[in-house]
Amino acid sequence: MTDISLSCECGKTQGIARGISPDSGTRVVCYCDDCQAFARHLGREDSVLDPWGGTDIFQTAPAHIAITEGREYIRCLKLTPKGPYRWYAGCCNTPIANTGSASLPFAGMITAFMEIPADEERILGPVGWYLQGKYATKPLPPGRKIVGFPLSLLVQLFWNILVWKLKGLGKPTPFFDEDGTPVTEPELVQGRKEG
Ligand SMILES: [Zn+2]
Ligand SMILES: [Zn+2]
């Protein structure tokens, strides 16, 4: 298990992801239009999105993540009222993670906020799924199978979240207070699509 330093692009918001190993989460690349809209809204599409519009995400439990510097810069937006909480460092608009509400022990860490080690596959595991490939901005290279949101990932996520819940890894979380209130009021941002 490895500790990974976390930092926004300007360095004012920093943290640490503790005890990370391929067993501590699942690595995916998500091409969905909402993840793209999040990066674009932040003006960070160049540094966050891959050449096909994908966001590299490590889905793990909130208790692995601590923000140690710049907590006051943490911001949150939602693209739809019921959509995920999308957290970012407001100092320089670096995305941090996507989460559900406080009761869901889940955080999709956006790896742009992580100092990815050279031996990343050993520490984070290989990318397990390339999701929502139909929204990719251009045809995906061979080997990146176009999937929507496959059952195999749903099963793995369901299982991980169950284990994290049983182990109490939903807390502590840098995103919610003890009573489940978001640490900052989420801003509802008009998404790409209506309705
Ligand atoms: Zn997405
Ligand atoms: Zn920053």
# chains A, B, ... in the order shown; residues from 1 in each chain; ligands from 1
call {"tool": "residues_around", "arguments": {"residues": "A:Glu69", "least_positions_apart": "3", "cutoff": "9 Å", "atoms": "only C-alpha atoms", "output": "list in words"}}
result
Gly11, Lys12, Thr13, Gln14, Gly15 and Glu72 of chain A
call {"tool": "write_last_selection", "arguments": {"atoms": "N, CA and C atoms", "output": "compact mmCIF listing (two decimals), in the first residue's frame"}}
result
# COMPACT_ATOMS: atom_id res chain seq x y z
N GLY A 11 -1.02 24.38 -6.38
CA GLY A 11 -0.36 23.93 -5.16
C GLY A 11 -0.95 24.46 -3.87
N LYS A 12 -2.00 25.30 -3.95
CA LYS A 12 -2.57 25.83 -2.70
C LYS A 12 -3.42 24.78 -1.98
N THR A 13 -4.02 23.88 -2.75
CA THR A 13 -4.83 22.82 -2.14
C THR A 13 -4.05 21.51 -2.25
N GLN A 14 -3.78 20.91 -1.08
CA GLN A 14 -2.96 19.70 -1.07
C GLN A 14 -3.55 18.68 -0.13
N GLY A 15 -3.13 17.46 -0.32
CA GLY A 15 -3.61 16.41 0.56
C GLY A 15 -2.85 15.13 0.34
N GLU A 72 -10.06 25.69 2.59
CA GLU A 72 -10.96 26.81 2.31
C GLU A 72 -11.20 27.02 0.82
call {"tool": "residues_near_ligand", "arguments": {"ligand": "ligand 1", "cutoff": "7 Å", "atoms": "only C-alpha atoms and all ligand atoms", "output": "list of chain:residue names"}}
result
A:Cys30, A:Tyr31, A:Cys32, A:Asp33, A:Asp34, A:Cys35
call {"tool": "write_last_selection", "arguments": {"atoms": "all heavy atoms", "output": "CSV table (one decimal), in the first residue's frame"}}
result
chain,number,residue,atom,x,y,z
A,30,CYS,N,-13.7,7.8,-17.9
A,30,CYS,CA,-15.1,8.1,-18.2
A,30,CYS,C,-15.2,9.2,-19.3
A,30,CYS,O,-14.7,10.3,-19.1
A,30,CYS,CB,-15.9,8.6,-17.0
A,30,CYS,SG,-17.6,8.7,-17.3
A,31,TYR,N,-15.9,8.8,-20.4
A,31,TYR,CA,-16.0,9.7,-21.5
A,31,TYR,C,-17.4,10.4,-21.5
A,31,TYR,O,-17.7,11.1,-22.4
A,31,TYR,CB,-15.9,8.9,-22.8
A,31,TYR,CG,-14.5,8.4,-23.0
A,31,TYR,CD1,-14.1,7.2,-22.6
A,31,TYR,CD2,-13.5,9.3,-23.5
A,31,TYR,CE1,-12.8,6.7,-22.8
A,31,TYR,CE2,-12.2,8.9,-23.7
A,31,TYR,CZ,-11.8,7.6,-23.3
A,31,TYR,OH,-10.6,7.2,-23.4
A,32,CYS,N,-18.2,10.3,-20.4
A,32,CYS,CA,-19.5,10.8,-20.5
A,32,CYS,C,-19.5,12.3,-20.6
A,32,CYS,O,-18.6,13.0,-20.3
A,32,CYS,CB,-20.3,10.4,-19.2
A,32,CYS,SG,-20.2,11.4,-17.8
A,33,ASP,N,-20.7,12.8,-21.1
A,33,ASP,CA,-20.8,14.3,-21.4
A,33,ASP,C,-20.7,15.1,-20.1
A,33,ASP,O,-20.3,16.2,-20.1
A,33,ASP,CB,-22.0,14.6,-22.3
A,33,ASP,CG,-23.3,13.9,-21.8
A,33,ASP,OD1,-23.2,13.1,-20.9
A,33,ASP,OD2,-24.3,14.2,-22.3
A,34,ASP,N,-21.2,14.5,-19.0
A,34,ASP,CA,-21.2,15.3,-17.8
A,34,ASP,C,-19.8,15.5,-17.2
A,34,ASP,O,-19.4,16.6,-16.8
A,34,ASP,CB,-22.1,14.6,-16.7
A,34,ASP,CG,-23.6,14.9,-17.0
A,34,ASP,OD1,-23.9,15.8,-17.8
A,34,ASP,OD2,-24.4,14.3,-16.3
A,35,CYS,N,-19.0,14.4,-17.3
A,35,CYS,CA,-17.6,14.6,-16.9
A,35,CYS,C,-16.9,15.6,-17.8
A,35,CYS,O,-16.1,16.4,-17.3
A,35,CYS,CB,-16.9,13.2,-16.9
A,35,CYS,SG,-17.3,12.1,-15.5
call {"tool": "closest_residue", "arguments": {"among": "A:Gly100, A:Gly19, A:Gly25, A:Pro95", "to": "ligand 2", "atoms": "only C-alpha atoms and all ligand atoms"}}
result
A:Pro95
call {"tool": "atom_distance", "arguments": {"atom1": "atom CA of A:Phe176", "atom2": "atom CA of A:Thr99"}}
result
10.3 Å
call {"tool": "closest_residue", "arguments": {"among": "A:Leu169, A:Leu131, A:Val48, A:Ile96", "to": "A:Phe113", "atoms": "only C-alpha atoms"}}
result
A:Ile96
call {"tool": "residues_near_ligand", "arguments": {"ligand": "ligand 2", "cutoff": "10 Å", "atoms": "only C-alpha atoms and all ligand atoms", "output": "list in words"}}
result
Ser7, Cys8, Glu9, Cys10, Gly11, Lys12, Thr13, Gln14, Gly70, Tyr73, Ile74, Tyr88, Ala89, Gly90, Cys91, Cys92, Asn93, Thr94, Pro95 and Phe113 of chain A
call {"tool": "closest_residue", "arguments": {"among": "A:Gly168, A:Pro62, A:Gly54, A:Pro22", "to": "A:Gln132", "atoms": "only C-alpha atoms"}}
result
A:Gly54
call {"tool": "atom_distance", "arguments": {"atom1": "atom CA of A:Ser103", "atom2": "atom CA of A:Asp177"}}
result
11.4 Å
call {"tool": "residues_around", "arguments": {"residues": "A:Ile161", "least_positions_apart": "5", "cutoff": "8 Å", "atoms": "only C-alpha atoms", "output": "ChimeraX atom specification"}}
result
/A:61,104-106
call {"tool": "closest_residue", "arguments": {"among": "A:Ala102, A:Met109, A:Leu79, A:Val127", "to": "A:Arg144", "atoms": "only C-alpha atoms"}}
result
A:Val127
